[in-house]
$ cat input_26.pdb   # PDB, C-alpha atoms
ATOM      1  CA  MET A   1     170.243 -40.436 -38.072
ATOM      2  CA  SER A   2     173.260 -39.894 -40.289
ATOM      3  CA  THR A   3     172.384 -36.189 -40.433
ATOM      4  CA  TRP A   4     172.579 -36.064 -36.638
ATOM      5  CA  ILE A   5     175.993 -37.721 -36.751
ATOM      6  CA  ALA A   6     177.170 -35.059 -39.204
ATOM      7  CA  VAL A   7     175.708 -32.236 -37.094
ATOM      8  CA  LEU A   8     177.213 -33.432 -33.806
ATOM      9  CA  ALA A   9     180.567 -34.604 -35.177
ATOM     10  CA  SER A  10     181.221 -31.350 -37.011
ATOM     11  CA  SER A  11     180.182 -29.352 -33.926
ATOM     12  CA  LEU A  12     182.534 -31.317 -31.698
ATOM     13  CA  ILE A  13     185.453 -30.996 -34.118
ATOM     14  CA  ALA A  14     184.887 -27.262 -34.613
ATOM     15  CA  PHE A  15     184.871 -26.725 -30.852
ATOM     16  CA  ALA A  16     188.081 -28.724 -30.436
ATOM     17  CA  ILE A  17     189.679 -26.612 -33.176
ATOM     18  CA  LYS A  18     188.566 -23.347 -31.544
ATOM     19  CA  LEU A  19     189.901 -24.504 -28.177
ATOM     20  CA  SER A  20     193.189 -25.666 -29.686
ATOM     21  CA  GLY A  21     194.038 -22.069 -30.593
ATOM     22  CA  TYR A  22     194.284 -21.324 -26.870
ATOM     23  CA  THR A  23     195.868 -24.588 -25.745
ATOM     24  CA  VAL A  24     198.234 -25.868 -28.447
ATOM     25  CA  PRO A  25     201.773 -24.456 -28.047
ATOM     26  CA  PRO A  26     201.900 -21.419 -30.357
ATOM     27  CA  ALA A  27     205.131 -22.578 -32.011
ATOM     28  CA  LEU A  28     203.268 -25.516 -33.533
ATOM     29  CA  LEU A  29     200.751 -23.314 -35.328
ATOM     30  CA  GLN A  30     203.111 -20.479 -36.096
ATOM     31  CA  GLU A  31     205.366 -22.398 -38.437
ATOM     32  CA  PRO A  32     205.219 -20.067 -41.474
ATOM     33  CA  ARG A  33     204.057 -22.608 -44.040
ATOM     34  CA  THR A  34     201.435 -24.120 -41.735
ATOM     35  CA  LEU A  35     200.201 -20.612 -41.078
ATOM     36  CA  ARG A  36     199.960 -19.848 -44.777
ATOM     37  CA  VAL A  37     198.102 -23.048 -45.622
ATOM     38  CA  THR A  38     195.677 -22.420 -42.743
ATOM     39  CA  GLU A  39     195.064 -18.884 -43.914
ATOM     40  CA  MET A  40     194.579 -19.869 -47.552
ATOM     41  CA  LEU A  41     192.467 -22.995 -47.063
ATOM     42  CA  PRO A  42     189.120 -21.138 -46.864
ATOM     43  CA  ALA A  43     189.669 -19.575 -50.314
ATOM     44  CA  ALA A  44     189.978 -23.012 -51.956
ATOM     45  CA  LEU A  45     187.056 -24.474 -50.008
ATOM     46  CA  LEU A  46     184.687 -21.571 -50.558
ATOM     47  CA  ALA A  47     185.476 -21.393 -54.291
ATOM     48  CA  SER A  48     184.808 -25.117 -54.514
ATOM     49  CA  LEU A  49     181.479 -24.678 -52.729
ATOM     50  CA  VAL A  50     180.492 -21.838 -55.081
ATOM     51  CA  VAL A  51     181.000 -24.217 -58.016
ATOM     52  CA  LEU A  52     179.211 -27.105 -56.290
ATOM     53  CA  GLN A  53     176.195 -25.099 -55.195
ATOM     54  CA  GLY A  54     176.039 -22.987 -58.331
ATOM     55  CA  PHE A  55     176.802 -25.352 -61.183
ATOM     56  CA  SER A  56     176.377 -28.945 -60.124
ATOM     57  CA  SER A  57     173.428 -31.260 -59.873
ATOM     58  CA  GLY A  58     174.470 -34.644 -58.541
ATOM     59  CA  GLN A  59     177.464 -35.629 -60.654
ATOM     60  CA  HIS A  60     176.521 -33.331 -63.553
ATOM     61  CA  LEU A  61     177.614 -29.809 -64.342
ATOM     62  CA  VAL A  62     174.615 -27.676 -65.266
ATOM     63  CA  LEU A  63     173.910 -24.087 -66.231
ATOM     64  CA  ASP A  64     170.554 -22.965 -64.832
ATOM     65  CA  ALA A  65     168.872 -20.112 -62.960
ATOM     66  CA  ARG A  66     171.449 -20.425 -60.166
ATOM     67  CA  ALA A  67     174.189 -19.186 -62.521
ATOM     68  CA  ALA A  68     172.172 -16.041 -63.235
ATOM     69  CA  GLY A  69     171.709 -15.607 -59.491
ATOM     70  CA  LEU A  70     175.488 -15.855 -59.019
ATOM     71  CA  VAL A  71     176.154 -13.205 -61.688
ATOM     72  CA  VAL A  72     173.751 -10.824 -59.952
ATOM     73  CA  ALA A  73     175.356 -11.656 -56.592
ATOM     74  CA  ALA A  74     178.818 -10.848 -57.978
ATOM     75  CA  GLY A  75     177.503  -7.515 -59.251
ATOM     76  CA  ALA A  76     176.052  -6.723 -55.831
ATOM     77  CA  LEU A  77     179.357  -7.644 -54.157
ATOM     78  CA  LEU A  78     181.218  -5.313 -56.530
ATOM     79  CA  LEU A  79     178.866  -2.558 -55.345
ATOM     80  CA  ARG A  80     179.708  -3.509 -51.729
ATOM     81  CA  ALA A  81     176.205  -4.660 -50.883
ATOM     82  CA  PRO A  82     175.841  -6.380 -47.478
ATOM     83  CA  PHE A  83     175.646 -10.173 -47.230
ATOM     84  CA  ILE A  84     171.893 -10.427 -46.740
ATOM     85  CA  VAL A  85     171.246  -8.211 -49.815
ATOM     86  CA  VAL A  86     173.603 -10.270 -51.970
ATOM     87  CA  VAL A  87     171.957 -13.540 -50.984
ATOM     88  CA  THR A  88     168.433 -12.178 -51.376
ATOM     89  CA  LEU A  89     169.141 -10.720 -54.830
ATOM     90  CA  ALA A  90     170.490 -14.086 -55.996
ATOM     91  CA  ALA A  91     167.380 -15.856 -54.733
ATOM     92  CA  VAL A  92     165.006 -13.333 -56.316
ATOM     93  CA  THR A  93     166.842 -13.542 -59.647
ATOM     94  CA  ALA A  94     166.614 -17.328 -59.756
ATOM     95  CA  ALA A  95     162.992 -17.326 -58.586
ATOM     96  CA  LEU A  96     161.962 -14.805 -61.257
ATOM     97  CA  LEU A  97     163.749 -16.714 -64.022
ATOM     98  CA  ARG A  98     162.031 -19.936 -62.959
ATOM     99  CA  MET A  99     158.677 -18.166 -62.906
ATOM    100  CA  LEU A 100     159.378 -17.240 -66.525
ATOM    101  CA  GLY A 101     160.112 -20.874 -67.238
ATOM    102  CA  TRP A 102     163.924 -20.985 -67.426
ATOM    103  CA  GLY A 103     166.295 -23.107 -65.336
TER     104      GLY A 103
ATOM    105  CA  MET B   1     186.755   4.522 -19.033
ATOM    106  CA  PRO B   2     183.045   4.221 -19.980
ATOM    107  CA  ALA B   3     183.644   6.948 -22.549
ATOM    108  CA  ASP B   4     186.292   4.749 -24.179
ATOM    109  CA  ARG B   5     184.041   1.749 -24.157
ATOM    110  CA  ALA B   6     181.042   3.328 -25.865
ATOM    111  CA  PRO B   7     182.464   3.355 -29.412
ATOM    112  CA  VAL B   8     183.738  -0.226 -29.065
ATOM    113  CA  ILE B   9     180.349  -1.417 -27.869
ATOM    114  CA  ARG B  10     178.629   0.448 -30.688
ATOM    115  CA  GLN B  11     180.925  -1.117 -33.276
ATOM    116  CA  ALA B  12     180.491  -4.562 -31.744
ATOM    117  CA  LEU B  13     176.700  -4.307 -31.752
ATOM    118  CA  ALA B  14     176.668  -3.088 -35.361
ATOM    119  CA  VAL B  15     178.756  -6.077 -36.450
ATOM    120  CA  ALA B  16     176.578  -8.412 -34.391
ATOM    121  CA  ALA B  17     173.373  -7.042 -35.920
ATOM    122  CA  ALA B  18     174.640  -7.310 -39.498
ATOM    123  CA  THR B  19     175.941 -10.845 -38.977
ATOM    124  CA  SER B  20     172.840 -12.040 -37.154
ATOM    125  CA  LEU B  21     170.658 -10.887 -39.999
ATOM    126  CA  TYR B  22     172.064 -13.466 -42.343
ATOM    127  CA  GLY B  23     171.369 -16.176 -39.816
ATOM    128  CA  VAL B  24     167.932 -16.039 -41.452
ATOM    129  CA  SER B  25     169.407 -17.284 -44.710
ATOM    130  CA  PHE B  26     171.235 -20.067 -42.887
ATOM    131  CA  GLY B  27     168.043 -21.174 -41.143
ATOM    132  CA  ALA B  28     166.036 -21.192 -44.359
ATOM    133  CA  LEU B  29     168.782 -22.990 -46.298
ATOM    134  CA  GLY B  30     169.193 -25.539 -43.510
ATOM    135  CA  VAL B  31     165.659 -26.842 -43.819
ATOM    136  CA  ALA B  32     165.818 -26.445 -47.613
ATOM    137  CA  SER B  33     168.794 -28.846 -47.505
ATOM    138  CA  GLY B  34     166.703 -31.465 -45.770
ATOM    139  CA  LEU B  35     167.632 -30.832 -42.122
ATOM    140  CA  THR B  36     164.932 -30.474 -39.492
ATOM    141  CA  VAL B  37     164.366 -27.179 -37.686
ATOM    142  CA  LEU B  38     166.001 -28.744 -34.614
ATOM    143  CA  GLN B  39     169.091 -29.951 -36.511
ATOM    144  CA  THR B  40     169.483 -26.550 -38.151
ATOM    145  CA  SER B  41     169.239 -24.800 -34.782
ATOM    146  CA  VAL B  42     171.647 -27.201 -33.087
ATOM    147  CA  LEU B  43     174.225 -26.331 -35.753
ATOM    148  CA  SER B  44     173.971 -22.635 -34.883
ATOM    149  CA  LEU B  45     174.100 -23.396 -31.147
ATOM    150  CA  LEU B  46     176.974 -25.886 -31.161
ATOM    151  CA  LEU B  47     178.952 -25.517 -34.399
ATOM    152  CA  PHE B  48     178.594 -21.722 -34.444
ATOM    153  CA  SER B  49     180.888 -20.874 -37.351
ATOM    154  CA  GLY B  50     179.075 -19.534 -40.414
ATOM    155  CA  GLY B  51     181.250 -20.904 -43.216
ATOM    156  CA  SER B  52     181.385 -24.383 -41.676
ATOM    157  CA  GLN B  53     177.628 -24.427 -41.135
ATOM    158  CA  PHE B  54     176.889 -23.445 -44.734
ATOM    159  CA  ALA B  55     179.397 -26.037 -45.986
ATOM    160  CA  LEU B  56     177.862 -28.833 -43.943
ATOM    161  CA  ILE B  57     174.284 -28.226 -45.073
ATOM    162  CA  GLY B  58     175.404 -27.546 -48.655
ATOM    163  CA  ILE B  59     177.155 -30.894 -49.007
ATOM    164  CA  LEU B  60     174.482 -32.876 -47.159
ATOM    165  CA  GLY B  61     171.783 -31.138 -49.193
ATOM    166  CA  SER B  62     173.430 -31.980 -52.513
ATOM    167  CA  GLY B  63     173.699 -35.665 -51.617
ATOM    168  CA  GLY B  64     177.287 -35.784 -50.341
ATOM    169  CA  SER B  65     178.294 -38.289 -47.672
ATOM    170  CA  VAL B  66     178.439 -37.534 -43.942
ATOM    171  CA  GLY B  67     182.218 -37.936 -44.033
ATOM    172  CA  ALA B  68     182.670 -35.415 -46.840
ATOM    173  CA  ALA B  69     180.334 -32.921 -45.163
ATOM    174  CA  VAL B  70     182.094 -33.185 -41.794
ATOM    175  CA  ALA B  71     185.531 -32.966 -43.424
ATOM    176  CA  ALA B  72     184.688 -29.817 -45.413
ATOM    177  CA  SER B  73     183.041 -28.197 -42.393
ATOM    178  CA  SER B  74     186.035 -29.000 -40.182
ATOM    179  CA  LEU B  75     188.595 -27.790 -42.709
ATOM    180  CA  LEU B  76     186.746 -24.480 -42.906
ATOM    181  CA  ALA B  77     186.866 -24.249 -39.102
ATOM    182  CA  VAL B  78     190.662 -24.583 -38.950
ATOM    183  CA  ARG B  79     191.128 -20.818 -39.257
ATOM    184  CA  ASN B  80     189.428 -20.405 -35.873
ATOM    185  CA  ALA B  81     192.515 -21.959 -34.250
ATOM    186  CA  LEU B  82     194.562 -19.069 -35.626
ATOM    187  CA  TYR B  83     192.126 -16.614 -34.079
ATOM    188  CA  GLY B  84     192.601 -18.249 -30.684
ATOM    189  CA  LEU B  85     196.329 -17.945 -31.169
ATOM    190  CA  GLN B  86     195.967 -14.210 -31.841
ATOM    191  CA  LEU B  87     193.588 -13.661 -28.942
ATOM    192  CA  GLY B  88     195.304 -15.785 -26.283
ATOM    193  CA  SER B  89     197.294 -12.960 -24.695
ATOM    194  CA  THR B  90     194.278 -10.633 -24.783
ATOM    195  CA  MET B  91     191.710 -12.997 -23.324
ATOM    196  CA  ARG B  92     193.980 -15.092 -21.045
ATOM    197  CA  PRO B  93     191.243 -17.700 -20.716
ATOM    198  CA  ALA B  94     190.965 -19.761 -17.534
ATOM    199  CA  GLY B  95     188.458 -22.167 -16.005
ATOM    200  CA  TRP B  96     184.962 -22.415 -17.489
ATOM    201  CA  ARG B  97     185.451 -19.120 -19.289
ATOM    202  CA  ARG B  98     187.955 -20.844 -21.527
ATOM    203  CA  LEU B  99     185.106 -22.920 -22.989
ATOM    204  CA  ALA B 100     182.880 -19.877 -23.536
ATOM    205  CA  ILE B 101     185.736 -17.915 -25.086
ATOM    206  CA  ALA B 102     186.606 -20.815 -27.396
ATOM    207  CA  GLN B 103     183.016 -21.170 -28.574
ATOM    208  CA  LEU B 104     182.755 -17.420 -29.299
ATOM    209  CA  THR B 105     186.051 -17.329 -31.234
ATOM    210  CA  ILE B 106     184.836 -16.608 -34.756
ATOM    211  CA  ASP B 107     185.637 -14.216 -37.629
ATOM    212  CA  GLU B 108     183.587 -11.323 -36.272
ATOM    213  CA  SER B 109     184.576 -11.374 -32.585
ATOM    214  CA  THR B 110     188.248 -11.689 -33.559
ATOM    215  CA  ALA B 111     188.055  -8.872 -36.103
ATOM    216  CA  VAL B 112     186.435  -6.440 -33.656
ATOM    217  CA  ALA B 113     188.769  -7.443 -30.800
ATOM    218  CA  VAL B 114     192.061  -7.119 -32.679
ATOM    219  CA  SER B 115     191.104  -3.749 -34.154
ATOM    220  CA  GLN B 116     191.028  -2.111 -30.681
ATOM    221  CA  SER B 117     194.098  -0.343 -29.320
ATOM    222  CA  ALA B 118     194.104  -1.295 -25.617
ATOM    223  CA  ARG B 119     193.709  -4.712 -24.014
ATOM    224  CA  PRO B 120     190.583  -3.886 -21.920
ATOM    225  CA  LEU B 121     188.883  -2.546 -25.042
ATOM    226  CA  ARG B 122     189.876  -5.631 -27.018
ATOM    227  CA  ARG B 123     188.210  -7.764 -24.340
ATOM    228  CA  VAL B 124     185.043  -5.663 -24.438
ATOM    229  CA  GLY B 125     185.016  -5.914 -28.232
ATOM    230  CA  PHE B 126     185.403  -9.685 -28.106
ATOM    231  CA  TRP B 127     182.691 -10.319 -25.525
ATOM    232  CA  VAL B 128     180.085  -7.910 -26.891
ATOM    233  CA  THR B 129     180.582  -9.043 -30.480
ATOM    234  CA  GLY B 130     180.814 -12.736 -29.596
ATOM    235  CA  LEU B 131     177.751 -12.799 -27.336
ATOM    236  CA  GLY B 132     175.820 -10.443 -29.633
ATOM    237  CA  VAL B 133     176.421 -12.629 -32.676
ATOM    238  CA  TYR B 134     175.722 -15.803 -30.683
ATOM    239  CA  ILE B 135     172.321 -14.609 -29.502
ATOM    240  CA  GLY B 136     171.343 -12.901 -32.762
ATOM    241  CA  TRP B 137     172.587 -15.699 -35.007
ATOM    242  CA  ASN B 138     170.655 -18.327 -33.078
ATOM    243  CA  VAL B 139     167.407 -16.346 -32.911
ATOM    244  CA  MET B 140     167.586 -15.563 -36.634
ATOM    245  CA  THR B 141     168.468 -19.168 -37.505
ATOM    246  CA  LEU B 142     165.332 -20.335 -35.735
ATOM    247  CA  LEU B 143     163.194 -17.709 -37.520
ATOM    248  CA  GLY B 144     164.714 -18.624 -40.880
ATOM    249  CA  ALA B 145     164.218 -22.340 -40.281
ATOM    250  CA  PHE B 146     160.519 -21.879 -39.485
ATOM    251  CA  ALA B 147     160.090 -19.574 -42.473
ATOM    252  CA  GLY B 148     161.889 -22.044 -44.741
ATOM    253  CA  ASN B 149     159.676 -24.836 -43.485
ATOM    254  CA  ALA B 150     156.561 -22.823 -44.266
ATOM    255  CA  LEU B 151     157.758 -21.878 -47.767
ATOM    256  CA  GLY B 152     157.876 -25.392 -49.167
ATOM    257  CA  ASP B 153     159.841 -26.109 -52.380
ATOM    258  CA  PRO B 154     163.100 -24.191 -51.905
ATOM    259  CA  ARG B 155     163.839 -24.002 -55.633
ATOM    260  CA  ARG B 156     160.698 -21.989 -56.284
ATOM    261  CA  TYR B 157     162.068 -19.188 -54.136
ATOM    262  CA  GLY B 158     165.585 -19.456 -55.491
ATOM    263  CA  LEU B 159     166.980 -20.700 -52.181
ATOM    264  CA  ASP B 160     169.430 -22.959 -54.026
ATOM    265  CA  ALA B 161     170.802 -19.876 -55.800
ATOM    266  CA  ALA B 162     170.984 -18.120 -52.423
ATOM    267  CA  ALA B 163     173.230 -20.934 -51.175
ATOM    268  CA  SER B 164     175.805 -20.484 -53.927
ATOM    269  CA  ALA B 165     175.642 -16.691 -53.501
ATOM    270  CA  ALA B 166     176.283 -17.154 -49.768
ATOM    271  CA  PHE B 167     179.553 -18.971 -50.516
ATOM    272  CA  LEU B 168     180.530 -16.292 -53.035
ATOM    273  CA  ALA B 169     179.850 -13.576 -50.439
ATOM    274  CA  LEU B 170     181.962 -15.442 -47.856
ATOM    275  CA  LEU B 171     184.779 -15.840 -50.401
ATOM    276  CA  TRP B 172     184.685 -12.266 -51.734
ATOM    277  CA  PRO B 173     186.482 -10.395 -48.907
ATOM    278  CA  ARG B 174     189.345 -12.910 -49.065
ATOM    279  CA  LEU B 175     190.187 -12.095 -52.684
ATOM    280  CA  ARG B 176     192.385  -9.098 -51.952
ATOM    281  CA  ALA B 177     195.796 -10.455 -52.904
ATOM    282  CA  ARG B 178     197.270 -12.594 -55.659
ATOM    283  CA  GLU B 179     197.719 -15.730 -53.564
ATOM    284  CA  PRO B 180     194.142 -16.211 -52.320
ATOM    285  CA  ILE B 181     192.839 -15.416 -55.803
ATOM    286  CA  ALA B 182     195.108 -18.059 -57.335
ATOM    287  CA  ILE B 183     194.104 -20.570 -54.676
ATOM    288  CA  ALA B 184     190.405 -19.836 -55.167
ATOM    289  CA  VAL B 185     190.861 -20.424 -58.908
ATOM    290  CA  VAL B 186     192.618 -23.735 -58.177
ATOM    291  CA  GLY B 187     189.749 -24.744 -55.873
ATOM    292  CA  GLY B 188     187.113 -23.817 -58.445
ATOM    293  CA  VAL B 189     188.832 -25.492 -61.388
ATOM    294  CA  VAL B 190     189.612 -28.718 -59.506
ATOM    295  CA  THR B 191     185.975 -28.922 -58.410
ATOM    296  CA  THR B 192     184.650 -28.306 -61.929
ATOM    297  CA  LEU B 193     186.893 -31.019 -63.358
ATOM    298  CA  LEU B 194     186.109 -33.566 -60.645
ATOM    299  CA  VAL B 195     182.330 -33.181 -60.206
ATOM    300  CA  PRO B 196     181.528 -35.492 -63.125
ATOM    301  CA  ALA B 197     184.372 -37.870 -62.247
ATOM    302  CA  ILE B 198     184.220 -38.745 -58.539
ATOM    303  CA  PRO B 199     181.467 -39.351 -55.927
ATOM    304  CA  GLN B 200     179.558 -36.388 -54.508
ATOM    305  CA  GLY B 201     181.203 -34.569 -51.631
ATOM    306  CA  LEU B 202     184.729 -35.600 -52.612
ATOM    307  CA  PRO B 203     185.442 -32.740 -55.094
ATOM    308  CA  VAL B 204     185.404 -30.230 -52.229
ATOM    309  CA  ILE B 205     187.978 -32.287 -50.322
ATOM    310  CA  ALA B 206     190.136 -32.545 -53.450
ATOM    311  CA  ALA B 207     189.875 -28.763 -53.831
ATOM    312  CA  ALA B 208     191.048 -28.315 -50.236
ATOM    313  CA  VAL B 209     194.047 -30.577 -50.846
ATOM    314  CA  ALA B 210     194.922 -28.825 -54.140
ATOM    315  CA  GLY B 211     194.553 -25.407 -52.485
ATOM    316  CA  SER B 212     196.762 -26.430 -49.557
ATOM    317  CA  VAL B 213     199.458 -27.791 -51.856
ATOM    318  CA  THR B 214     199.367 -24.553 -53.856
ATOM    319  CA  ALA B 215     199.694 -22.462 -50.665
ATOM    320  CA  TRP B 216     202.517 -24.712 -49.404
ATOM    321  CA  PHE B 217     204.602 -24.287 -52.558
ATOM    322  CA  TRP B 218     203.618 -20.679 -53.286
ATOM    323  CA  PRO B 219     206.873 -18.732 -53.826
ATOM    324  CA  LYS B 220     207.512 -16.273 -51.010
ATOM    325  CA  ARG B 221     208.531 -13.392 -53.263
ATOM    326  CA  TRP B 222     205.121 -13.490 -55.035
ATOM    327  CA  THR B 223     203.353 -13.124 -51.689
ATOM    328  CA  ALA B 224     205.541 -10.205 -50.653
ATOM    329  CA  ARG B 225     204.790  -8.319 -53.824
ATOM    330  CA  ALA B 226     201.070  -9.078 -53.765
ATOM    331  CA  ALA B 227     200.757  -8.143 -50.088
ATOM    332  CA  GLY B 228     202.558  -4.862 -50.759
ATOM    333  CA  ALA B 229     200.125  -4.077 -53.552
ATOM    334  CA  ALA B 230     197.117  -4.916 -51.417
ATOM    335  CA  GLU B 231     198.052  -2.760 -48.442
TER     336      GLU B 231
END
$ encode --input "input_26.pdb" --output "structure tokens"
Amino acid sequence: MSTWIAVLASSLIAFAIKLSGYTVPPALLQEPRTLRVTEMLPAALLASLVVLQGFSSGQHLVLDARAAGLVVAAGALLLRAPFIVVVTLAAVTAALLRMLGWG
Amino acid sequence: MPADRAPVIRQALAVAAATSLYGVSFGALGVASGLTVLQTSVLSLLLFSGGSQFALIGILGSGGSVGAAVAASSLLAVRNALYGLQLGSTMRPAGWRRLAIAQLTIDESTAVAVSQSARPLRRVGFWVTGLGVYIGWNVMTLLGAFAGNALGDPRRYGLDAAASAAFLALLWPRLRAREPIAIAVVGGVVTTLLVPAIPQGLPVIAAAVAGSVTAWFWPKRWTARAAGAAE
């Protein structure tokens, strides 16, 4: 039930945000500092999510097969690999390491 | 006119195909995070914004609260308002179309639209990319969700590592200037410090606040120099 609330609430909010770009008076969004914060916010959030998904387990920081997957993903990104390749390589790396008994 | 449109349509379809493909990873990760196939698909149908979708399932899957998951997802969606702002004069939305245009306003449709020279071509770029991604992303989400369901234990196939790599791949193209790099570092460090200290789901919100404060107080002259170097 609570998952449904999360799914529907976030969908509704995202739609309202998308619509607001066309309806809110531009001056309100174009204030330079507001604009900068809005543009920069994803960098902070995504970096935070990399750490959470890559190095945390509950309230603990851990170093396991996911970290190796991230290193391989970074290498693939440096070589300009497409998204699906990056994600797949990370998964394969972690899966192989776990098959060998690590992480 | 059709001759002008052909390259725009080709570009739009290429972007749509590439983006749709990774809908598979979203679908698989959705069920790996504990959502049902239906919940995962509803996210792609209604939320329809990749970063926000990955954030929501990531936080729910790692035991974060509903509030934290919705907050992180919504904060990641804020950039879509800027896209609408950029596209308003091109799309001039009215009536029911306004709702369709709003729903299709995402990274990809905006990028293809604004890179065209003339207004009619920008509109073609927006619609073909937006509808192409919408259809492809939803079909691939469904496929991925069924596949993920069939696979069983997500850790065995490294799907948890795929989730963190997905966020890294979404972050990567943003790291082209000094300011976003600094803000990403702030977000990462704040999260690392707070994970052991505060309840699950809250570190990501703290990172958003710290990142926003950094962007707010970032000295203008640093941005100018960094932007000049990046161009």
$ interface_residues --input "input_26.pdb" --of "chain B" --to "chain A" --cutoff "6 Å" --atoms "only C-alpha atoms" --output "number ranges by chain"
B: 22, 46-47, 66, 70, 74, 76-77, 79-82, 84-85, 88, 102, 156-159, 161-162, 164-168, 171, 180, 183-184, 187-188, 191, 195-196, 204, 208, 211-212, 215-216
$ write_last_selection --input "input_26.pdb" --atoms "C-alpha atoms" --output "PDB file, in the frame of the given file"
ATOM      1  CA  TYR B  22     172.064 -13.466 -42.343  1.00  0.00           C
ATOM      2  CA  LEU B  46     176.974 -25.886 -31.161  1.00  0.00           C
ATOM      3  CA  LEU B  47     178.952 -25.517 -34.399  1.00  0.00           C
ATOM      4  CA  VAL B  66     178.439 -37.534 -43.942  1.00  0.00           C
ATOM      5  CA  VAL B  70     182.094 -33.185 -41.794  1.00  0.00           C
ATOM      6  CA  SER B  74     186.035 -29.000 -40.182  1.00  0.00           C
ATOM      7  CA  LEU B  76     186.746 -24.480 -42.906  1.00  0.00           C
ATOM      8  CA  ALA B  77     186.866 -24.249 -39.102  1.00  0.00           C
ATOM      9  CA  ARG B  79     191.128 -20.818 -39.257  1.00  0.00           C
ATOM     10  CA  ASN B  80     189.428 -20.405 -35.873  1.00  0.00           C
ATOM     11  CA  ALA B  81     192.515 -21.959 -34.250  1.00  0.00           C
ATOM     12  CA  LEU B  82     194.562 -19.069 -35.626  1.00  0.00           C
ATOM     13  CA  GLY B  84     192.601 -18.249 -30.684  1.00  0.00           C
ATOM     14  CA  LEU B  85     196.329 -17.945 -31.169  1.00  0.00           C
ATOM     15  CA  GLY B  88     195.304 -15.785 -26.283  1.00  0.00           C
ATOM     16  CA  ALA B 102     186.606 -20.815 -27.396  1.00  0.00           C
ATOM     17  CA  ARG B 156     160.698 -21.989 -56.284  1.00  0.00           C
ATOM     18  CA  TYR B 157     162.068 -19.188 -54.136  1.00  0.00           C
ATOM     19  CA  GLY B 158     165.585 -19.456 -55.491  1.00  0.00           C
ATOM     20  CA  LEU B 159     166.980 -20.700 -52.181  1.00  0.00           C
ATOM     21  CA  ALA B 161     170.802 -19.876 -55.800  1.00  0.00           C
ATOM     22  CA  ALA B 162     170.984 -18.120 -52.423  1.00  0.00           C
ATOM     23  CA  SER B 164     175.805 -20.484 -53.927  1.00  0.00           C
ATOM     24  CA  ALA B 165     175.642 -16.691 -53.501  1.00  0.00           C
ATOM     25  CA  ALA B 166     176.283 -17.154 -49.768  1.00  0.00           C
ATOM     26  CA  PHE B 167     179.553 -18.971 -50.516  1.00  0.00           C
ATOM     27  CA  LEU B 168     180.530 -16.292 -53.035  1.00  0.00           C
ATOM     28  CA  LEU B 171     184.779 -15.840 -50.401  1.00  0.00           C
ATOM     29  CA  PRO B 180     194.142 -16.211 -52.320  1.00  0.00           C
ATOM     30  CA  ILE B 183     194.104 -20.570 -54.676  1.00  0.00           C
ATOM     31  CA  ALA B 184     190.405 -19.836 -55.167  1.00  0.00           C
ATOM     32  CA  GLY B 187     189.749 -24.744 -55.873  1.00  0.00           C
ATOM     33  CA  GLY B 188     187.113 -23.817 -58.445  1.00  0.00           C
ATOM     34  CA  THR B 191     185.975 -28.922 -58.410  1.00  0.00           C
ATOM     35  CA  VAL B 195     182.330 -33.181 -60.206  1.00  0.00           C
ATOM     36  CA  PRO B 196     181.528 -35.492 -63.125  1.00  0.00           C
ATOM     37  CA  VAL B 204     185.404 -30.230 -52.229  1.00  0.00           C
ATOM     38  CA  ALA B 208     191.048 -28.315 -50.236  1.00  0.00           C
ATOM     39  CA  GLY B 211     194.553 -25.407 -52.485  1.00  0.00           C
ATOM     40  CA  SER B 212     196.762 -26.430 -49.557  1.00  0.00           C
ATOM     41  CA  ALA B 215     199.694 -22.462 -50.665  1.00  0.00           C
ATOM     42  CA  TRP B 216     202.517 -24.712 -49.404  1.00  0.00           C
TER      43      TRP B 216
END
$ atom_distance --input "input_26.pdb" --atom1 "CA of Thr36 in chain B" --atom2 "CA of Leu21 in chain B"
20.4 Å
$ closest_residue --input "input_26.pdb" --among "B:Val42, B:Ala6, B:Val31, B:Leu56" --to "Gly201 in chain B" --atoms "all atoms listed in the file"
B:Leu56
$ resolve_selection --input "input_26.pdb" --expression "the PyMOL selection byres ((chain B and resi 113-123) around 7)" --output "compact mmCIF listing (two decimals) with C-alpha atoms, in the coordinates of the input"
# COMPACT_ATOMS: atom_id res chain seq x y z
CA ARG B 5 184.04 1.75 -24.16
CA VAL B 8 183.74 -0.23 -29.06
CA THR B 90 194.28 -10.63 -24.78
CA MET B 91 191.71 -13.00 -23.32
CA SER B 109 184.58 -11.37 -32.58
CA THR B 110 188.25 -11.69 -33.56
CA ALA B 111 188.06 -8.87 -36.10
CA VAL B 112 186.44 -6.44 -33.66
CA VAL B 124 185.04 -5.66 -24.44
CA GLY B 125 185.02 -5.91 -28.23
CA PHE B 126 185.40 -9.68 -28.11
CA TRP B 127 182.69 -10.32 -25.52
$ atom_distance --input "input_26.pdb" --atom1 "CA of Ala169 in chain B" --atom2 "CA of Ser25 in chain B"
12.5 Å
$ atom_distance --input "input_26.pdb" --atom1 "CA of Leu99 in chain B" --atom2 "CA of Tyr134 in chain B"
14.1 Å
$ resolve_selection --input "input_26.pdb" --expression "the PyMOL selection byres ((chain B and resi 138) around 9)" --output "PyMOL selection string"
chain B and resi 20+23+27+41-42+44-45+48+133-137+139-143
